[in-house]
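Next comes coords-v9.cif, with mmCIF, C-alpha atoms, pLDDT in the B column; chains and numbers go by the auth columns.
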```cif
data_run
#
loop_
_atom_site.group_PDB
_atom_site.id
_atom_site.type_symbol
_atom_site.label_atom_id
_atom_site.label_comp_id
_atom_site.label_asym_id
_atom_site.label_seq_id
_atom_site.Cartn_x
_atom_site.Cartn_y
_atom_site.Cartn_z
_atom_site.B_iso_or_equiv
_atom_site.auth_seq_id
_atom_site.auth_asym_id
ATOM 1 C CA MET A 1 -21.824 63.945 12.736 44.00 1099 A
ATOM 2 C CA PRO A 2 -21.374 61.853 15.879 54.00 1100 A
ATOM 3 C CA ARG A 3 -24.548 61.338 17.878 51.00 1101 A
ATOM 4 C CA THR A 4 -22.956 63.021 20.871 50.00 1102 A
ATOM 5 C CA GLN A 5 -22.842 66.289 18.957 48.00 1103 A
ATOM 6 C CA LYS A 6 -26.531 66.270 18.039 54.00 1104 A
ATOM 7 C CA ASN A 7 -28.092 65.240 21.369 53.00 1105 A
ATOM 8 C CA ASP A 8 -30.471 67.801 22.818 57.00 1106 A
ATOM 9 C CA ASN A 9 -31.146 65.731 25.913 60.00 1107 A
ATOM 10 C CA PHE A 10 -29.512 67.142 29.060 59.00 1108 A
ATOM 11 C CA ILE A 11 -28.926 63.692 30.540 59.00 1109 A
ATOM 12 C CA ASP A 12 -27.266 62.420 27.362 56.00 1110 A
ATOM 13 C CA LYS A 13 -25.082 65.515 27.190 61.00 1111 A
ATOM 14 C CA SER A 14 -24.128 65.153 30.857 61.00 1112 A
ATOM 15 C CA PHE A 15 -23.335 61.452 30.396 57.00 1113 A
ATOM 16 C CA THR A 16 -21.215 62.284 27.355 60.00 1114 A
ATOM 17 C CA VAL A 17 -19.232 64.951 29.203 61.00 1115 A
ATOM 18 C CA MET A 18 -18.624 62.613 32.165 61.00 1116 A
ATOM 19 C CA ALA A 19 -17.677 59.709 29.909 57.00 1117 A
ATOM 20 C CA ASP A 20 -15.257 61.874 27.946 59.00 1118 A
ATOM 21 C CA LEU A 21 -13.618 63.069 31.169 57.00 1119 A
ATOM 22 C CA ILE A 22 -13.235 59.517 32.438 59.00 1120 A
ATOM 23 C CA LEU A 23 -11.717 58.423 29.131 56.00 1121 A
ATOM 24 C CA LYS A 24 -9.191 61.246 29.320 59.00 1122 A
ATOM 25 C CA ILE A 25 -8.184 60.270 32.850 59.00 1123 A
ATOM 26 C CA LEU A 26 -8.051 56.484 32.419 60.00 1124 A
ATOM 27 C CA PRO A 27 -5.058 55.005 30.653 53.00 1125 A
ATOM 28 C CA THR A 28 -6.743 53.350 27.681 65.00 1126 A
ATOM 29 C CA ASN A 29 -5.622 53.007 24.120 75.00 1127 A
ATOM 30 C CA ASN A 30 -7.228 54.866 21.234 80.00 1128 A
ATOM 31 C CA LYS A 31 -8.989 51.744 19.953 85.00 1129 A
ATOM 32 C CA ALA A 32 -10.732 51.223 23.305 84.00 1130 A
ATOM 33 C CA LYS A 33 -11.754 54.882 23.385 81.00 1131 A
ATOM 34 C CA LYS A 34 -13.296 54.612 19.917 89.00 1132 A
ATOM 35 C CA ALA A 35 -15.093 51.409 20.884 91.00 1133 A
ATOM 36 C CA PHE A 36 -16.554 53.129 23.934 88.00 1134 A
ATOM 37 C CA ALA A 37 -17.639 56.131 21.863 86.00 1135 A
ATOM 38 C CA TYR A 38 -19.536 53.842 19.478 93.00 1136 A
ATOM 39 C CA TYR A 39 -21.056 51.956 22.407 93.00 1137 A
ATOM 40 C CA ARG A 40 -22.112 55.201 24.080 90.00 1138 A
ATOM 41 C CA ASP A 41 -23.661 56.461 20.826 92.00 1139 A
ATOM 42 C CA GLY A 42 -25.431 53.126 20.433 94.00 1140 A
ATOM 43 C CA MET A 43 -26.929 53.396 23.906 92.00 1141 A
ATOM 44 C CA SER A 44 -28.044 56.944 23.215 90.00 1142 A
ATOM 45 C CA ALA A 45 -29.686 55.970 19.924 93.00 1143 A
ATOM 46 C CA GLN A 46 -31.300 52.934 21.540 94.00 1144 A
ATOM 47 C CA SER A 47 -32.778 55.030 24.339 92.00 1145 A
ATOM 48 C CA GLU A 48 -34.386 57.256 21.707 92.00 1146 A
ATOM 49 C CA GLY A 49 -35.811 54.319 19.774 94.00 1147 A
ATOM 50 C CA GLU A 50 -33.383 54.748 16.886 96.00 1148 A
ATOM 51 C CA TYR A 51 -32.690 51.036 16.677 97.00 1149 A
ATOM 52 C CA ALA A 52 -31.048 50.883 13.252 97.00 1150 A
ATOM 53 C CA GLU A 53 -28.592 53.597 14.268 97.00 1151 A
ATOM 54 C CA ALA A 54 -27.976 51.874 17.598 97.00 1152 A
ATOM 55 C CA LEU A 55 -27.210 48.563 15.888 97.00 1153 A
ATOM 56 C CA GLU A 56 -24.782 50.275 13.498 98.00 1154 A
ATOM 57 C CA ASN A 57 -22.936 51.803 16.445 97.00 1155 A
ATOM 58 C CA TYR A 58 -22.875 48.517 18.336 97.00 1156 A
ATOM 59 C CA GLU A 59 -21.475 46.723 15.259 98.00 1157 A
ATOM 60 C CA GLU A 60 -18.688 49.304 15.038 97.00 1158 A
ATOM 61 C CA ALA A 61 -18.004 48.941 18.753 96.00 1159 A
ATOM 62 C CA LEU A 62 -17.725 45.155 18.360 97.00 1160 A
ATOM 63 C CA LEU A 63 -15.116 45.588 15.626 96.00 1161 A
ATOM 64 C CA LEU A 64 -12.947 47.604 18.009 95.00 1162 A
ATOM 65 C CA GLU A 65 -13.714 46.239 21.473 94.00 1163 A
ATOM 66 C CA GLU A 66 -11.258 43.656 22.782 93.00 1164 A
ATOM 67 C CA ASP A 67 -12.489 43.278 26.364 93.00 1165 A
ATOM 68 C CA SER A 68 -14.785 40.258 26.562 95.00 1166 A
ATOM 69 C CA GLN A 69 -16.958 41.658 29.345 95.00 1167 A
ATOM 70 C CA ASP A 70 -17.567 44.841 27.372 94.00 1168 A
ATOM 71 C CA ARG A 71 -18.308 42.771 24.268 96.00 1169 A
ATOM 72 C CA GLY A 72 -20.875 40.910 26.354 97.00 1170 A
ATOM 73 C CA PHE A 73 -22.690 44.150 27.151 97.00 1171 A
ATOM 74 C CA ILE A 74 -22.661 45.167 23.493 97.00 1172 A
ATOM 75 C CA TYR A 75 -24.200 41.844 22.444 98.00 1173 A
ATOM 76 C CA TYR A 76 -26.724 42.143 25.274 98.00 1174 A
ATOM 77 C CA ASN A 77 -27.888 45.568 24.102 97.00 1175 A
ATOM 78 C CA MET A 78 -28.147 44.342 20.527 98.00 1176 A
ATOM 79 C CA ALA A 79 -30.260 41.424 21.722 98.00 1177 A
ATOM 80 C CA LEU A 80 -32.595 43.809 23.525 97.00 1178 A
ATOM 81 C CA ILE A 81 -33.292 45.560 20.243 98.00 1179 A
ATOM 82 C CA TYR A 82 -34.012 42.364 18.344 98.00 1180 A
ATOM 83 C CA ALA A 83 -36.222 41.051 21.156 97.00 1181 A
ATOM 84 C CA SER A 84 -38.220 44.275 21.265 95.00 1182 A
ATOM 85 C CA ASN A 85 -38.757 43.972 17.510 95.00 1183 A
ATOM 86 C CA GLY A 86 -40.048 40.411 17.883 96.00 1184 A
ATOM 87 C CA GLU A 87 -36.979 38.817 16.279 98.00 1185 A
ATOM 88 C CA HIS A 88 -36.633 36.267 19.047 98.00 1186 A
ATOM 89 C CA ASN A 89 -34.292 33.830 17.322 97.00 1187 A
ATOM 90 C CA LYS A 90 -31.782 36.594 16.572 98.00 1188 A
ATOM 91 C CA ALA A 91 -32.183 37.906 20.129 98.00 1189 A
ATOM 92 C CA LEU A 92 -31.504 34.438 21.561 98.00 1190 A
ATOM 93 C CA GLU A 93 -28.390 34.122 19.420 98.00 1191 A
ATOM 94 C CA LEU A 94 -27.100 37.477 20.674 98.00 1192 A
ATOM 95 C CA TYR A 95 -27.965 36.781 24.319 98.00 1193 A
ATOM 96 C CA HIS A 96 -25.948 33.565 24.060 98.00 1194 A
ATOM 97 C CA GLN A 97 -23.031 35.495 22.535 98.00 1195 A
ATOM 98 C CA ALA A 98 -23.309 37.982 25.399 98.00 1196 A
ATOM 99 C CA LEU A 99 -23.064 35.124 27.895 98.00 1197 A
ATOM 100 C CA GLU A 100 -20.109 33.565 26.065 98.00 1198 A
ATOM 101 C CA ASN A 101 -18.260 36.850 26.448 97.00 1199 A
ATOM 102 C CA ASN A 102 -19.537 37.704 29.923 96.00 1200 A
ATOM 103 C CA PRO A 103 -21.049 34.773 31.862 96.00 1201 A
ATOM 104 C CA ARG A 104 -22.017 37.081 34.750 95.00 1202 A
ATOM 105 C CA LEU A 105 -25.062 38.612 33.053 96.00 1203 A
ATOM 106 C CA PRO A 106 -28.127 37.361 34.910 97.00 1204 A
ATOM 107 C CA GLN A 107 -30.229 39.799 32.908 97.00 1205 A
ATOM 108 C CA ALA A 108 -29.307 37.924 29.717 98.00 1206 A
ATOM 109 C CA LEU A 109 -30.286 34.621 31.348 98.00 1207 A
ATOM 110 C CA ASN A 110 -33.579 36.175 32.439 98.00 1208 A
ATOM 111 C CA ASN A 111 -34.325 37.512 28.963 98.00 1209 A
ATOM 112 C CA ILE A 112 -33.591 34.136 27.374 98.00 1210 A
ATOM 113 C CA ALA A 113 -36.032 32.593 29.845 98.00 1211 A
ATOM 114 C CA VAL A 114 -38.655 35.204 28.997 98.00 1212 A
ATOM 115 C CA ILE A 115 -38.375 34.368 25.298 98.00 1213 A
ATOM 116 C CA TYR A 116 -38.613 30.625 25.934 98.00 1214 A
ATOM 117 C CA HIS A 117 -41.614 31.179 28.207 98.00 1215 A
ATOM 118 C CA TYR A 118 -43.311 33.304 25.538 98.00 1216 A
ATOM 119 C CA GLN A 119 -42.597 30.672 22.890 98.00 1217 A
ATOM 120 C CA GLY A 120 -43.957 28.007 25.256 97.00 1218 A
ATOM 121 C CA GLU A 121 -47.197 29.930 25.635 97.00 1219 A
ATOM 122 C CA LYS A 122 -47.500 30.301 21.858 97.00 1220 A
ATOM 123 C CA ALA A 123 -46.831 26.593 21.335 97.00 1221 A
ATOM 124 C CA LYS A 124 -49.551 25.664 23.827 96.00 1222 A
ATOM 125 C CA GLU A 125 -51.988 28.087 22.202 97.00 1223 A
ATOM 126 C CA ALA A 126 -51.280 26.344 18.901 97.00 1224 A
ATOM 127 C CA GLY A 127 -52.119 22.996 20.501 97.00 1225 A
ATOM 128 C CA ASP A 128 -48.559 21.737 20.981 97.00 1226 A
ATOM 129 C CA GLU A 129 -48.706 20.804 24.686 96.00 1227 A
ATOM 130 C CA ASP A 130 -45.453 18.815 24.691 97.00 1228 A
ATOM 131 C CA GLY A 131 -43.547 21.496 22.797 97.00 1229 A
ATOM 132 C CA GLY A 132 -44.892 24.159 25.128 97.00 1230 A
ATOM 133 C CA GLU A 133 -43.850 22.211 28.210 97.00 1231 A
ATOM 134 C CA ALA A 134 -40.388 21.645 26.768 97.00 1232 A
ATOM 135 C CA LEU A 135 -40.018 25.391 26.204 98.00 1233 A
ATOM 136 C CA PHE A 136 -41.270 26.073 29.740 97.00 1234 A
ATOM 137 C CA ASP A 137 -38.611 23.667 31.024 97.00 1235 A
ATOM 138 C CA GLN A 138 -35.949 25.584 29.091 97.00 1236 A
ATOM 139 C CA ALA A 139 -37.264 28.847 30.535 97.00 1237 A
ATOM 140 C CA ALA A 140 -37.087 27.333 34.009 97.00 1238 A
ATOM 141 C CA ASP A 141 -33.459 26.292 33.506 96.00 1239 A
ATOM 142 C CA TYR A 142 -32.432 29.820 32.522 97.00 1240 A
ATOM 143 C CA TRP A 143 -34.457 31.467 35.281 97.00 1241 A
ATOM 144 C CA ILE A 144 -32.879 29.194 37.869 95.00 1242 A
ATOM 145 C CA ARG A 145 -29.419 30.191 36.642 96.00 1243 A
ATOM 146 C CA ALA A 146 -30.351 33.893 36.691 97.00 1244 A
ATOM 147 C CA ILE A 147 -31.834 33.682 40.168 95.00 1245 A
ATOM 148 C CA ARG A 148 -28.776 31.885 41.510 94.00 1246 A
ATOM 149 C CA MET A 149 -26.662 34.814 40.321 95.00 1247 A
ATOM 150 C CA ALA A 150 -29.104 37.461 41.547 94.00 1248 A
ATOM 151 C CA PRO A 151 -31.305 35.890 44.259 92.00 1249 A
ATOM 152 C CA ASN A 152 -33.127 39.116 45.097 92.00 1250 A
ATOM 153 C CA ASN A 153 -34.245 39.661 41.515 94.00 1251 A
ATOM 154 C CA TYR A 154 -36.801 38.066 39.210 95.00 1252 A
ATOM 155 C CA ILE A 155 -39.502 37.634 41.848 94.00 1253 A
ATOM 156 C CA GLU A 156 -42.180 36.864 39.241 95.00 1254 A
ATOM 157 C CA ALA A 157 -39.972 34.148 37.798 95.00 1255 A
ATOM 158 C CA GLN A 158 -39.374 32.733 41.274 93.00 1256 A
ATOM 159 C CA ASN A 159 -43.108 32.629 41.881 93.00 1257 A
ATOM 160 C CA TRP A 160 -43.728 30.955 38.515 95.00 1258 A
ATOM 161 C CA LEU A 161 -41.047 28.355 39.236 95.00 1259 A
ATOM 162 C CA LYS A 162 -42.630 27.592 42.615 93.00 1260 A
ATOM 163 C CA THR A 163 -46.240 27.480 41.402 93.00 1261 A
ATOM 164 C CA THR A 164 -45.402 25.248 38.442 93.00 1262 A
ATOM 165 C CA GLY A 165 -43.338 22.889 40.579 92.00 1263 A
ATOM 166 C CA ARG A 166 -40.198 23.544 38.569 90.00 1264 A
ATOM 167 C CA MET A 167 -38.243 24.690 41.624 81.00 1265 A
ATOM 168 C CA GLN A 168 -38.330 24.008 45.306 65.00 1266 A
ATOM 169 C CA VAL A 169 -39.318 26.960 47.512 51.00 1267 A
ATOM 170 C CA ASP A 170 -36.125 27.111 49.562 52.00 1268 A
ATOM 171 C CA VAL A 171 -33.467 26.707 46.864 49.00 1269 A
ATOM 172 C CA PHE A 172 -32.498 30.394 46.656 48.00 1270 A
ATOM 173 C CA PHE A 173 -32.546 31.282 50.339 47.00 1271 A
#
```
Using structure tokens, write down the structure from this file.
Amino acid sequence: MPRTQKNDNFIDKSFTVMADLILKILPTNNKAKKAFAYYRDGMSAQSEGEYAEALENYEEALLLEEDSQDRGFIYYNMALIYASNGEHNKALELYHQALENNPRLPQALNNIAVIYHYQGEKAKEAGDEDGGEALFDQAADYWIRAIRMAPNNYIEAQNWLKTTGRMQVDVFF
């Protein structure tokens, strides 16, 4: 049974009804409609913490989706799941795939930076100062790219870049 038929959540049901109406109105082919249905079911499962089901739906959506920007969002959502489960290397791989398909995803750049920053902290805790600093530098590179795309976002990252001397104060303004 499709997830959309077993949702008890009013918001999910409302989103499903609206999405179905839009799909009926827009001139899209059947393959694109199926891809969107899998993507929508993946988002619904993900929001409920059903990560395995979400990943299955996203995989199906990727098999059908031809639009690169939409593929980017699918990879991004998959990466979110892996990152939340602590599988950072897999998350990084998927964030990079998201960016290859859709380079205008500052949130993917930010999340890559967050992972590198976290890994930098862990490296320093383990006594690897040079490795930690190298990871912090990578984080800085990705945060700078994200902030350039979305200058009003990522305030904590902007503050970290300024306080660590990795970015000049006036670069984004």
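Distances here use all atoms listed in the file; by that measure, the residue among A:Asn1251, A:Met1141, A:Ala1244, A:Phe1234 closest to A:Gly1263 is A:Phe1234.
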Close residues, stretch 1154-1156 of chain A itself excluded, 7 Å, only C-alpha atoms, min 3 positions apart in chain, as a list in words: Tyr1136, Tyr1137, Asp1139, Gly1140, Ala1150, Glu1151, Ala1159, Leu1160 and Ile1172 of chain A
Could you list, as a PyMOL selection string, every residue within 8 Å of stretch 1197-1211 of chain A, counting only C-alpha atoms and ignoring same-chain residues fewer than 2 positions away? chain A and resi 1166-1171+1174+1190+1193-1195+1213-1215+1236-1241+1243-1245+1247-1248+1252
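Among the candidates A:Ala1196, A:Ala1255, A:Ala1133, A:Ala1232, the residue lying nearest to A:Met1176 is A:Ala1196 (atoms considered: all atoms listed in the file).
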Rounded to one decimal, what separation in Å do you get between atom CA of A:Lys1132 and atom CA of A:Glu1164? 11.5 Å
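Rounded to one decimal, atom CA of A:Ile1242 and atom CA of A:Glu1254 lie 12.1 Å from each other.
Separating atom CA of A:Ala1143 from atom CA of A:Tyr1216 is a distance of 27.0 Å.
Distance annotation: of A:Leu1161, A:Ala1224, A:Met1265, A:Ala1189, the residue with the minimal separation from A:Val1212 is A:Ala1189; atom set is all atoms listed in the file.
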Since the input is missing atoms for stretch 1164-1179 of chain A, could you rebuild it with N, CA and C atoms and give the result as a tab-separated table (two decimals), keeping the file's coordinate frame?
```tsv
chain	number	residue	atom	x	y	z
A	1164	GLU	N	-12.02	44.87	22.53
A	1164	GLU	CA	-11.26	43.66	22.78
A	1164	GLU	C	-11.61	43.01	24.12
A	1165	ASP	N	-12.14	43.79	25.04
A	1165	ASP	CA	-12.49	43.28	26.36
A	1165	ASP	C	-13.75	42.42	26.27
A	1166	SER	N	-13.66	41.18	26.73
A	1166	SER	CA	-14.78	40.26	26.56
A	1166	SER	C	-16.01	40.68	27.37
A	1167	GLN	N	-15.80	41.22	28.56
A	1167	GLN	CA	-16.96	41.66	29.34
A	1167	GLN	C	-17.69	42.79	28.64
A	1168	ASP	N	-16.95	43.74	28.10
A	1168	ASP	CA	-17.57	44.84	27.37
A	1168	ASP	C	-18.27	44.34	26.11
A	1169	ARG	N	-17.66	43.37	25.44
A	1169	ARG	CA	-18.31	42.77	24.27
A	1169	ARG	C	-19.64	42.12	24.68
A	1170	GLY	N	-19.64	41.51	25.85
A	1170	GLY	CA	-20.88	40.91	26.35
A	1170	GLY	C	-22.00	41.92	26.49
A	1171	PHE	N	-21.67	43.11	27.01
A	1171	PHE	CA	-22.69	44.15	27.15
A	1171	PHE	C	-23.17	44.66	25.79
A	1172	ILE	N	-22.26	44.73	24.84
A	1172	ILE	CA	-22.66	45.17	23.49
A	1172	ILE	C	-23.64	44.16	22.90
A	1173	TYR	N	-23.29	42.88	22.96
A	1173	TYR	CA	-24.20	41.84	22.44
A	1173	TYR	C	-25.54	41.87	23.18
A	1174	TYR	N	-25.49	42.08	24.48
A	1174	TYR	CA	-26.72	42.14	25.27
A	1174	TYR	C	-27.64	43.26	24.78
A	1175	ASN	N	-27.07	44.45	24.57
A	1175	ASN	CA	-27.89	45.57	24.10
A	1175	ASN	C	-28.43	45.32	22.70
A	1176	MET	N	-27.65	44.68	21.86
A	1176	MET	CA	-28.15	44.34	20.53
A	1176	MET	C	-29.32	43.36	20.64
A	1177	ALA	N	-29.19	42.40	21.53
A	1177	ALA	CA	-30.26	41.42	21.72
A	1177	ALA	C	-31.54	42.09	22.20
A	1178	LEU	N	-31.42	43.08	23.06
A	1178	LEU	CA	-32.60	43.81	23.52
A	1178	LEU	C	-33.37	44.41	22.36
A	1179	ILE	N	-32.64	44.95	21.40
A	1179	ILE	CA	-33.29	45.56	20.24
A	1179	ILE	C	-34.03	44.50	19.43
```
